[in-house]
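*Asks:* Okay, here's the structure, questions in a sec.
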Amino acid sequence: MHRRLLDYGITVLGLLASGVWGLMGPLHSLLMRLRWKRFRMYQFKTRPDDVFIVTYPKSGTTWMQMIAWQLKSGGSLDFRHIEDVVPFIDRCGPAELPRLEALESPRFFKSHLSYEDVPPGARYIYVVRNLKDVAVSYYYHHLLMEDFRGGLDVFVKMLVNRRTNGGSWARHVLSWLEHRNAPNVLFLSYEEMQADLPGTIRRVAQFSGIALDEERLPLLVEQCSVAFMKKLEARFDPRLSRRGNFVRKGETGEGLRELDATLQAALAAEEQQVLDRARVLDSSGALERLLRGEAPTNGAATEAEPQKQQKMG
């Protein structure tokens, strides 16, 4: 979209949204999307060594932010809030540009955007998580953050009908799945991270161009554990308050334990879209198993990372 046309559209929509009360909601939503498009396309400039941590909500975003910062800082805990050092780019605008520009390379950013909407020209770590576990974690997030009063069944219906802020889980995952083998994309699963945190830290370091001091690895593993992060709760909670635990259990399998057969069936169609595409992309079944939440045990994915790093230069 041409910059001048985009600016004109934003100006007109801003006037309409402030003057026509009945259209305020839809117009405001469109206005925000256009402002983000302008920011992404014309105002914010990526660097080749920028790394975007991208997930569907409640898929390990905060955890990966901590891993990234621990690697970049060598294990420092000198930060007020994780988004001070790994900003949430989706909520940034022109006013934040000086702060973003002042960050030392490699800059890490958090995002929940699809592949098509994320700022181009950088590196991307995408973390996918089993949909059933996402649903349960997202439900508790809504109870804590959105003052949600419904039950788990109500929330699952909202998720399936795409009435949560994250939109369609399938559409989000599919947008990144198609690019999982690109040299500037590191495609991980939450279950991989949990099964092998030291290996995950090594992969993220190599992908991000950070030299890892193996002697400091035990410290990084400890400080990136859920138990340790819970001790620093306020540094990860967006509200900076203590109404409840933002860092919860970090477990896998909650979906199977907390969702009854009816709720699991409600999520099946959304999940199946991704699994069907995975079979087409990888006939071996490895990709499908990863998306189902079955962490690999042979280390094959880890061994492939050096080749990807060489391609990236």
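We name chains A, B, ... following the order of the structure tokens; residues begin at 1 in each chain, and ligands are numbered from 1 as shown.
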May I have the residues within 7 Å of Val128 (chain A) as a compact mmCIF listing (two decimals) with C-alpha atoms, in the first residue's frame, using only C-alpha atoms and disregarding those fewer than 2 positions away in the same chain?

*Replies:*
```txt
# COMPACT_ATOMS: atom_id res chain seq x y z
CA THR A 55 3.96 -17.41 18.96
CA SER A 59 2.62 -20.94 23.59
CA TYR A 126 8.50 -19.49 16.05
CA ASN A 130 -0.28 -28.32 21.32
CA LEU A 188 10.41 -25.01 17.67
CA SER A 189 7.74 -26.68 19.75
CA TYR A 190 6.93 -25.91 23.38
```

*Asks:* Fewer than 6 positions away in the same chain doesn't count, so skip those; otherwise give me all residues within 8 Å of region 260-272 of chain A, counting only C-alpha atoms, as a PDB file with N, CA, C and O atoms, in the first residue's frame.

*Replies:*
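That gives us result21.pdb:
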```pdb
ATOM      1  N   LEU A 131      -2.535 -27.558  20.748  1.00  0.00           N
ATOM      2  CA  LEU A 131      -3.713 -26.709  20.883  1.00  0.00           C
ATOM      3  C   LEU A 131      -4.480 -26.961  22.174  1.00  0.00           C
ATOM      4  O   LEU A 131      -5.006 -26.019  22.785  1.00  0.00           O
ATOM      5  N   LYS A 132      -4.568 -28.190  22.608  1.00  0.00           N
ATOM      6  CA  LYS A 132      -5.317 -28.475  23.834  1.00  0.00           C
ATOM      7  C   LYS A 132      -4.676 -27.780  25.040  1.00  0.00           C
ATOM      8  O   LYS A 132      -5.370 -27.214  25.891  1.00  0.00           O
ATOM      9  N   ASP A 153     -15.744 -24.417  29.125  1.00  0.00           N
ATOM     10  CA  ASP A 153     -16.525 -24.738  27.929  1.00  0.00           C
ATOM     11  C   ASP A 153     -16.856 -23.477  27.133  1.00  0.00           C
ATOM     12  O   ASP A 153     -16.812 -23.476  25.893  1.00  0.00           O
ATOM     13  N   VAL A 156     -13.575 -22.302  25.345  1.00  0.00           N
ATOM     14  CA  VAL A 156     -13.230 -23.132  24.185  1.00  0.00           C
ATOM     15  C   VAL A 156     -14.102 -22.762  22.992  1.00  0.00           C
ATOM     16  O   VAL A 156     -13.627 -22.685  21.851  1.00  0.00           O
ATOM     17  N   LYS A 157     -15.375 -22.496  23.246  1.00  0.00           N
ATOM     18  CA  LYS A 157     -16.256 -22.049  22.162  1.00  0.00           C
ATOM     19  C   LYS A 157     -15.780 -20.726  21.580  1.00  0.00           C
ATOM     20  O   LYS A 157     -15.784 -20.530  20.360  1.00  0.00           O
ATOM     21  N   VAL A 160     -12.648 -21.497  19.406  1.00  0.00           N
ATOM     22  CA  VAL A 160     -12.996 -22.142  18.140  1.00  0.00           C
ATOM     23  C   VAL A 160     -13.656 -21.155  17.185  1.00  0.00           C
ATOM     24  O   VAL A 160     -13.435 -21.197  15.969  1.00  0.00           O
ATOM     25  N   TRP A 169      -6.072 -20.180  15.754  1.00  0.00           N
ATOM     26  CA  TRP A 169      -4.820 -20.889  16.032  1.00  0.00           C
ATOM     27  C   TRP A 169      -4.301 -21.550  14.765  1.00  0.00           C
ATOM     28  O   TRP A 169      -3.110 -21.447  14.439  1.00  0.00           O
ATOM     29  N   ALA A 170      -5.181 -22.203  14.028  1.00  0.00           N
ATOM     30  CA  ALA A 170      -4.764 -22.915  12.812  1.00  0.00           C
ATOM     31  C   ALA A 170      -4.176 -21.957  11.789  1.00  0.00           C
ATOM     32  O   ALA A 170      -3.117 -22.220  11.202  1.00  0.00           O
TER      33      ALA A 170
END
```

*Asks:* Report, in Å to a single decimal, how far apart CA of Pro87 (chain A) and CA of Lys110 (chain A) are.

*Replies:*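 Going from CA of Lys110 (chain A) over to CA of Pro87 (chain A) covers 5.9 Å.
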
*Asks:* Pick the closest to Leu217 (chain A) from A:Gly74, A:Gly151, A:Pro48, A:Gly60: which is it, counting only C-alpha atoms?

*Replies:* A:Gly74

*Asks:* I want to know what sits within 8 Å of Pro94 (chain A), based on only C-alpha atoms, with residues of the same chain fewer than 4 positions away left out; could you give that as a PyMOL selection string?

*Replies:* chain A and resi 39+43-44

*Asks:* Taking only C-alpha atoms into account, which of A:Ala205, A:Arg35, A:His179, A:Cys92 comes nearest Tyr115 (chain A)?

*Replies:*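 Answer, going by the shortest atom-to-atom distance: A:His179.
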
*Asks:* Residues near Arg47 (chain A), anyone? I mean within 9 Å using only C-alpha atoms, not counting same-chain ones fewer than 2 positions away, as a PyMOL selection string.

*Replies:* chain A and resi 45+49-51+105-107+121-122

*Asks:* Looking at A:Val86, A:Val204, A:Ala135, A:Leu177, which one is nearest to Glu288 (chain A), with distances taken over only C-alpha atoms?

*Replies:*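 For Glu288 (chain A), the nearest of the candidates is A:Leu177.
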
*Asks:* Write out as a PyMOL selection string each polymer residue whose atoms come within 12 Å of Thr164 (chain A), counting only C-alpha atoms; drop sequence neighbours fewer than 3 positions from it.

*Replies:* chain A and resi 56-57+135+138-139+141-142+146+148+154-161+167-169
